[in-house]
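These notes concern the structure reproduced below.
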Amino acid sequence: MDYIDKSIIMKKINTRRWMNGFARGLFFLATSFGLVVLLILIARIISQGIGWINMDFLTGKLSTQVDKAGIFGAVLGTFWLMVVVAPITMFIGVCTAIYIELYMKKGKFKSIIQTNISNLAGVPSIVYGILGLTIFVRLLQLGNVVLAGGLTMSLLVLPIVVIASQEAIRAVPTHLSEASYGLGATKWQTIRNVILPAALPGILTGAILALSRAIGETAPLVVLGIPALLLPFPGGILDKFTVLPMQIYYWTLDSSLTAEYANLAAATIITLLFFLFFLNATAIFIRNKFQKKY
Amino acid sequence: MELNNNIKKDKTLNVRDLINERKKSKTISQYIEKMVPHFLKIVTAISILTTCFIVFTLLTETVSFFKQVPLLDFFSGTKLKPLSQNPEFGILPLVIGTLYSSLIAMIVAAPIGLMSAIFLSEYASDNLRKIMKPLLEILAGIPTIVYGFFAFTFVTPLLKMFVPGLETTNILSPGIVMGIMIIPMIASLSEDAMHSVPNSIREGALALGATKLEVTLRVVIPAALSGIISSFVLAISRAIGETMIVTIASGSSKQLTFDITQSMQTMTAYIVEVTSGDAAAGSTIYYSLYAVAMTLFIFTLLMNLFARYISKRFREEY
């Protein structure tokens, strides 16, 4: 007597294999969906804005007249923002990562700090905006200048830098540091001369990604009250400023009244995406070129 | 040099004495060695301080708000009229707006994200995966303001052709675009979870005659479920806190409505509107900002803690 009825199995196997093939196609379509939308988004923005990009647009002042408007002030503002955010986040982020990874003992306190940092990474950006408004703009009386915006953005992207630096430090193999200790180096000497140089590519990659998050972020700056039409160019970190995303925001809002503003916004988006592409390409380059495999 | 001279003078050299001698002499480097951990500790405190500052500022101003508006009116009020003669501050319209936009986003992102994760982890060849995954992650790197622009100038006009009666600002379009934005987040985190399911289990099921689909649905997904659910929760939390897309594309109607073709305001969009309006410090509107932000903060904090808890507590260890 057969325990297995082959005819039934043969009958079922076809459906099961067909189901598998169908699901495979469906899953592939789902994955492609995101990519297709990405393609549409980029194609749409380029076709809408590329005709508006020229030297006058890139180097001109903001204006209420559509065909005279330029974004040089916003480009400068983004630059000054990076000048504030990059050193602050790098310094605080790396110091925090070193302390947590290399000095703290395992235990409750360490896990509290770790949870705290990953929670900070999940706090909505607009809440950081309110924090910046209350502390930097109102309490410290800085006003809505580059420094206030930069400090707010620094706090926002700090968790990203800390987490990336921690991973980079953890990836440095222990035999390197043990060799250093074996030669009689102290802990700080080992960190400075062995661990940090080995972890630097990873840390830099994380820092650049954090920076690209900071220059694309809009919500906290809206809360800080960045003006819609700012004519003078910012010349330092204590000047009032505007950035590319803010300009996109205002022009998108204006586009419901005058359709041409949408084209200006699209042109500004191309500029911003170009910046971001450049930053990310640098990060990938650093990672591939300098990251050592141990 | 000094050391060499010493060695030449007395032939019998005691290393231990040398070490002790070094230890006694206080050099700058030893001072640095001692001070570095203290310095690092102070810098590390900044991250703790940030949390304290957030909680403290939100809490103090929220308390001032509730001195002017009763707690019950805030949480159960269905009317939000901050600018009228008799202002009313019910948060319900904002909560509904936030829930709707996140729900629409999840309806788009959860199936597509999960299916993408399955394809990348189970079906795609290594080469295809290496190309598709980074491409998909570009979606996550695009600034939200760009999505807002896309929703407002492209998706809404497009949807108007299919959905009759769709307003120029509505909750449907930003919800869908927000869903597209969080697809890579769900795909990436779920894929990580599925990837960590050991191959031996898959091969066991395949050896019993299961098809790849059956292995995926009955073996891999149950094993990776904690990671998948936690990716969903994180995605919802991200959608709740998302600001620019909804601000631009969903407008600022504070009417309590359940119609997704209408404009709804989310908590984040309310904060943007109030701060853009330059509310005078000390007014009730100004304080309402903090009460809404506090609600938002607590919502997202709970979600994040919950996601962490799930992925830790229910993780299958192999």
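Chain lettering (A, B, ...) mirrors the order of the structure tokens, residue numbering begins at 1 for each chain separately, and ligand numbering begins at 1 in order of display.
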- Task: Considering only C-alpha atoms, return as a PyMOL selection string whatever protein or nucleic-acid residues lie within 9 Å of Ile186 (chain B), sequence-local ones (same chain, fewer than 4 positions apart) excluded.
- Result: chain B and resi 109-110+112-114+116-117+182+190-191+228+231-232+234-235
- Task: Output as a ChimeraX atom specification the set of chain A residues within 6 Å of chain B, with distances taken over only C-alpha atoms.
- Result: /A:20,27,30-31,95-96,99,124,188,216,223
- Query: If you count only C-alpha atoms, which residues fall within 10 Å of Ile117 (chain A), apart from same-chain ones fewer than 3 positions away, as a list in words?
  - Reply: Ser111, Ile112, Ile113, Gln114, Leu120, Ala121, Gly122, Leu158, Pro159, Ile160, Val162 and Ile163 of chain A; Ser47, Ile48, Thr50 and Thr51 of chain B
- Message: Which residues are near Leu238 (chain A)? Cut-off 7 Å, only C-alpha atoms, ignore same chain within fewer than 2 positions. Put them as a VMD selection string.
- Response: chain A and resid 145 to 147 236 240
- Residue contacts of Ala262 (chain A) (10 Å, only C-alpha atoms) excluding same-chain residues fewer than 6 positions away, as a ChimeraX atom specification: /A:45,48-49,248,250-256,268 /B:149,152-153
Those same residues - N, CA and C atoms - I'd like them written as a compact mmCIF listing (two decimals), in the first residue's frame.
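Output contents, as saved in result-v7.txt:
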```
# COMPACT_ATOMS: atom_id res chain seq x y z
N ILE A 45 11.06 66.49 -11.84
CA ILE A 45 11.70 67.69 -11.30
C ILE A 45 12.71 68.26 -12.30
N GLN A 48 11.00 69.96 -15.17
CA GLN A 48 10.32 71.19 -14.77
C GLN A 48 11.32 72.32 -14.49
N GLY A 49 12.49 71.93 -13.95
CA GLY A 49 13.36 72.98 -13.43
C GLY A 49 14.62 73.24 -14.22
N ILE A 248 12.71 76.31 -1.26
CA ILE A 248 11.80 75.37 -1.93
C ILE A 248 10.42 75.43 -1.29
N TYR A 250 8.95 77.88 0.50
CA TYR A 250 8.18 79.10 0.23
C TYR A 250 7.71 79.16 -1.21
N TRP A 251 8.57 78.74 -2.14
CA TRP A 251 8.17 78.80 -3.54
C TRP A 251 7.09 77.77 -3.87
N THR A 252 7.13 76.62 -3.17
CA THR A 252 6.07 75.63 -3.39
C THR A 252 4.74 76.18 -2.90
N LEU A 253 4.76 76.86 -1.73
CA LEU A 253 3.53 77.46 -1.22
C LEU A 253 3.02 78.52 -2.18
N ASP A 254 3.95 79.32 -2.74
CA ASP A 254 3.55 80.40 -3.65
C ASP A 254 3.01 79.86 -4.97
N SER A 255 3.36 78.62 -5.31
CA SER A 255 3.02 78.11 -6.63
C SER A 255 1.52 77.94 -6.81
N SER A 256 0.75 77.92 -5.70
CA SER A 256 -0.69 77.80 -5.87
C SER A 256 -1.28 79.11 -6.39
N THR A 268 15.47 74.89 -7.75
CA THR A 268 16.18 74.87 -6.47
C THR A 268 16.37 73.44 -5.99
N PHE B 149 6.94 68.83 -2.31
CA PHE B 149 6.78 69.45 -3.63
C PHE B 149 6.17 68.46 -4.61
N PHE B 152 2.46 67.83 -3.87
CA PHE B 152 1.60 68.97 -4.13
C PHE B 152 1.46 69.25 -5.63
N THR B 153 2.57 69.16 -6.37
CA THR B 153 2.53 69.57 -7.77
C THR B 153 2.36 68.42 -8.75
```
- Message: Give me, as a ChimeraX atom specification, all polymer residues having an atom no more than 12 Å from region 88-94 of chain B, counting only C-alpha atoms and skipping those fewer than 5 positions away in the same chain.
- Response: /B:65-66,68-83,99-101,171,240,246,250,252-258,263-271,284-289,291-296
Serialized selection, N, CA and C atoms, as a short mmCIF file (atom, residue, chain, number, x, y, z; two decimals), in the first residue's frame:
```cif
data_model
loop_
_atom_site.label_atom_id
_atom_site.label_comp_id
_atom_site.auth_asym_id
_atom_site.auth_seq_id
_atom_site.Cartn_x
_atom_site.Cartn_y
_atom_site.Cartn_z
N PHE B 65 0.24 75.91 29.66
CA PHE B 65 -0.91 75.81 28.77
C PHE B 65 -2.11 75.24 29.50
N PHE B 66 -1.85 74.19 30.29
CA PHE B 66 -2.98 73.55 30.96
C PHE B 66 -3.51 74.38 32.12
N GLN B 68 -4.28 77.41 31.51
CA GLN B 68 -5.27 78.23 30.80
C GLN B 68 -6.37 77.40 30.15
N VAL B 69 -6.02 76.20 29.71
CA VAL B 69 -7.00 75.34 29.07
C VAL B 69 -7.07 74.02 29.84
N PRO B 70 -8.27 73.63 30.28
CA PRO B 70 -8.38 72.39 31.05
C PRO B 70 -7.92 71.17 30.24
N LEU B 71 -7.31 70.24 30.95
CA LEU B 71 -6.77 69.02 30.33
C LEU B 71 -7.83 68.29 29.52
N LEU B 72 -9.04 68.21 30.09
CA LEU B 72 -10.10 67.43 29.44
C LEU B 72 -10.53 68.07 28.12
N ASP B 73 -10.63 69.42 28.12
CA ASP B 73 -11.01 70.13 26.89
C ASP B 73 -10.00 69.87 25.78
N PHE B 74 -8.72 69.78 26.17
CA PHE B 74 -7.67 69.60 25.18
C PHE B 74 -7.77 68.23 24.53
N PHE B 75 -7.93 67.20 25.35
CA PHE B 75 -7.86 65.85 24.80
C PHE B 75 -9.18 65.34 24.24
N SER B 76 -10.30 65.95 24.66
CA SER B 76 -11.57 65.44 24.15
C SER B 76 -12.29 66.46 23.29
N GLY B 77 -11.69 67.66 23.17
CA GLY B 77 -12.35 68.70 22.37
C GLY B 77 -12.30 68.36 20.90
N THR B 78 -13.43 68.57 20.21
CA THR B 78 -13.46 68.26 18.78
C THR B 78 -13.27 69.52 17.95
N LYS B 79 -13.13 70.66 18.62
CA LYS B 79 -12.99 71.91 17.86
C LYS B 79 -11.65 72.56 18.15
N LEU B 80 -10.98 72.94 17.07
CA LEU B 80 -9.70 73.62 17.21
C LEU B 80 -9.82 74.97 16.52
N LYS B 81 -10.00 76.02 17.35
CA LYS B 81 -10.11 77.37 16.76
C LYS B 81 -9.19 78.30 17.52
N PRO B 82 -7.89 78.22 17.27
CA PRO B 82 -6.96 79.01 18.08
C PRO B 82 -7.08 80.50 17.84
N LEU B 83 -7.56 80.91 16.65
CA LEU B 83 -7.52 82.33 16.32
C LEU B 83 -8.86 83.05 16.48
N LEU B 99 -3.29 60.46 12.50
CA LEU B 99 -3.56 59.02 12.36
C LEU B 99 -3.88 58.66 10.92
N TYR B 100 -4.71 59.50 10.26
CA TYR B 100 -5.09 59.20 8.88
C TYR B 100 -3.88 59.20 7.96
N SER B 101 -3.05 60.25 8.08
CA SER B 101 -1.91 60.33 7.16
C SER B 101 -0.97 59.13 7.40
N ILE B 171 -5.59 64.94 2.44
CA ILE B 171 -4.71 64.10 3.24
C ILE B 171 -4.26 62.86 2.45
N ILE B 240 4.40 59.64 11.79
CA ILE B 240 3.74 60.56 12.71
C ILE B 240 4.54 61.86 12.84
N VAL B 246 3.16 66.83 4.78
CA VAL B 246 1.77 67.13 5.16
C VAL B 246 1.52 68.62 5.23
N SER B 250 -1.29 69.03 2.61
CA SER B 250 -2.57 68.77 3.25
C SER B 250 -3.24 70.00 3.81
N SER B 252 -4.34 73.40 5.96
CA SER B 252 -4.42 73.74 7.38
C SER B 252 -5.85 73.76 7.88
N SER B 253 -6.71 72.91 7.30
CA SER B 253 -8.09 72.89 7.78
C SER B 253 -8.15 72.19 9.14
N LYS B 254 -8.81 72.88 10.10
CA LYS B 254 -8.87 72.30 11.44
C LYS B 254 -10.23 71.67 11.72
N GLN B 255 -11.04 71.50 10.64
CA GLN B 255 -12.33 70.84 10.80
C GLN B 255 -12.12 69.37 11.13
N LEU B 256 -12.95 68.86 12.01
CA LEU B 256 -12.90 67.44 12.29
C LEU B 256 -13.62 66.70 11.17
N THR B 257 -12.89 65.96 10.36
CA THR B 257 -13.52 65.25 9.25
C THR B 257 -12.89 63.87 9.12
N PHE B 258 -13.64 62.96 8.50
CA PHE B 258 -13.08 61.63 8.29
C PHE B 258 -12.94 61.34 6.80
N SER B 263 -8.91 68.44 3.19
CA SER B 263 -7.71 68.87 3.88
C SER B 263 -7.81 68.53 5.37
N MET B 264 -6.75 67.96 5.91
CA MET B 264 -6.69 67.73 7.36
C MET B 264 -5.35 68.26 7.85
N GLN B 265 -5.33 68.72 9.09
CA GLN B 265 -4.05 69.18 9.62
C GLN B 265 -3.49 68.17 10.61
N THR B 266 -2.20 67.88 10.49
CA THR B 266 -1.57 66.98 11.45
C THR B 266 -0.97 67.81 12.58
N MET B 267 -0.52 67.11 13.61
CA MET B 267 0.09 67.82 14.74
C MET B 267 1.30 68.61 14.30
N THR B 268 2.13 67.96 13.44
CA THR B 268 3.35 68.64 12.99
C THR B 268 3.01 69.88 12.16
N ALA B 269 2.00 69.76 11.29
CA ALA B 269 1.63 70.90 10.45
C ALA B 269 1.09 72.05 11.29
N TYR B 270 0.40 71.72 12.38
CA TYR B 270 -0.12 72.76 13.28
C TYR B 270 1.03 73.55 13.89
N ILE B 271 2.08 72.81 14.31
CA ILE B 271 3.24 73.48 14.91
C ILE B 271 3.85 74.45 13.90
N THR B 284 -1.93 82.10 24.66
CA THR B 284 -2.39 80.72 24.76
C THR B 284 -2.00 79.92 23.52
N ILE B 285 -2.07 80.59 22.35
CA ILE B 285 -1.68 79.89 21.11
C ILE B 285 -0.23 79.43 21.21
N TYR B 286 0.61 80.33 21.73
CA TYR B 286 2.02 80.00 21.86
C TYR B 286 2.21 78.78 22.74
N TYR B 287 1.48 78.73 23.86
CA TYR B 287 1.61 77.58 24.75
C TYR B 287 1.04 76.31 24.12
N SER B 288 -0.01 76.47 23.30
CA SER B 288 -0.63 75.29 22.69
C SER B 288 0.37 74.55 21.81
N LEU B 289 1.30 75.32 21.24
CA LEU B 289 2.40 74.76 20.46
C LEU B 289 3.13 73.67 21.24
N ALA B 291 2.06 72.11 23.98
CA ALA B 291 1.19 70.98 24.36
C ALA B 291 1.10 69.99 23.21
N VAL B 292 0.95 70.51 21.97
CA VAL B 292 0.88 69.63 20.80
C VAL B 292 2.22 68.92 20.59
N ALA B 293 3.32 69.68 20.73
CA ALA B 293 4.64 69.07 20.56
C ALA B 293 4.88 67.98 21.60
N MET B 294 4.40 68.22 22.84
CA MET B 294 4.56 67.23 23.91
C MET B 294 3.80 65.95 23.54
N THR B 295 2.56 66.11 23.04
CA THR B 295 1.78 64.95 22.63
C THR B 295 2.52 64.17 21.54
N LEU B 296 3.04 64.91 20.56
CA LEU B 296 3.79 64.31 19.47
C LEU B 296 5.01 63.57 19.99
#
```
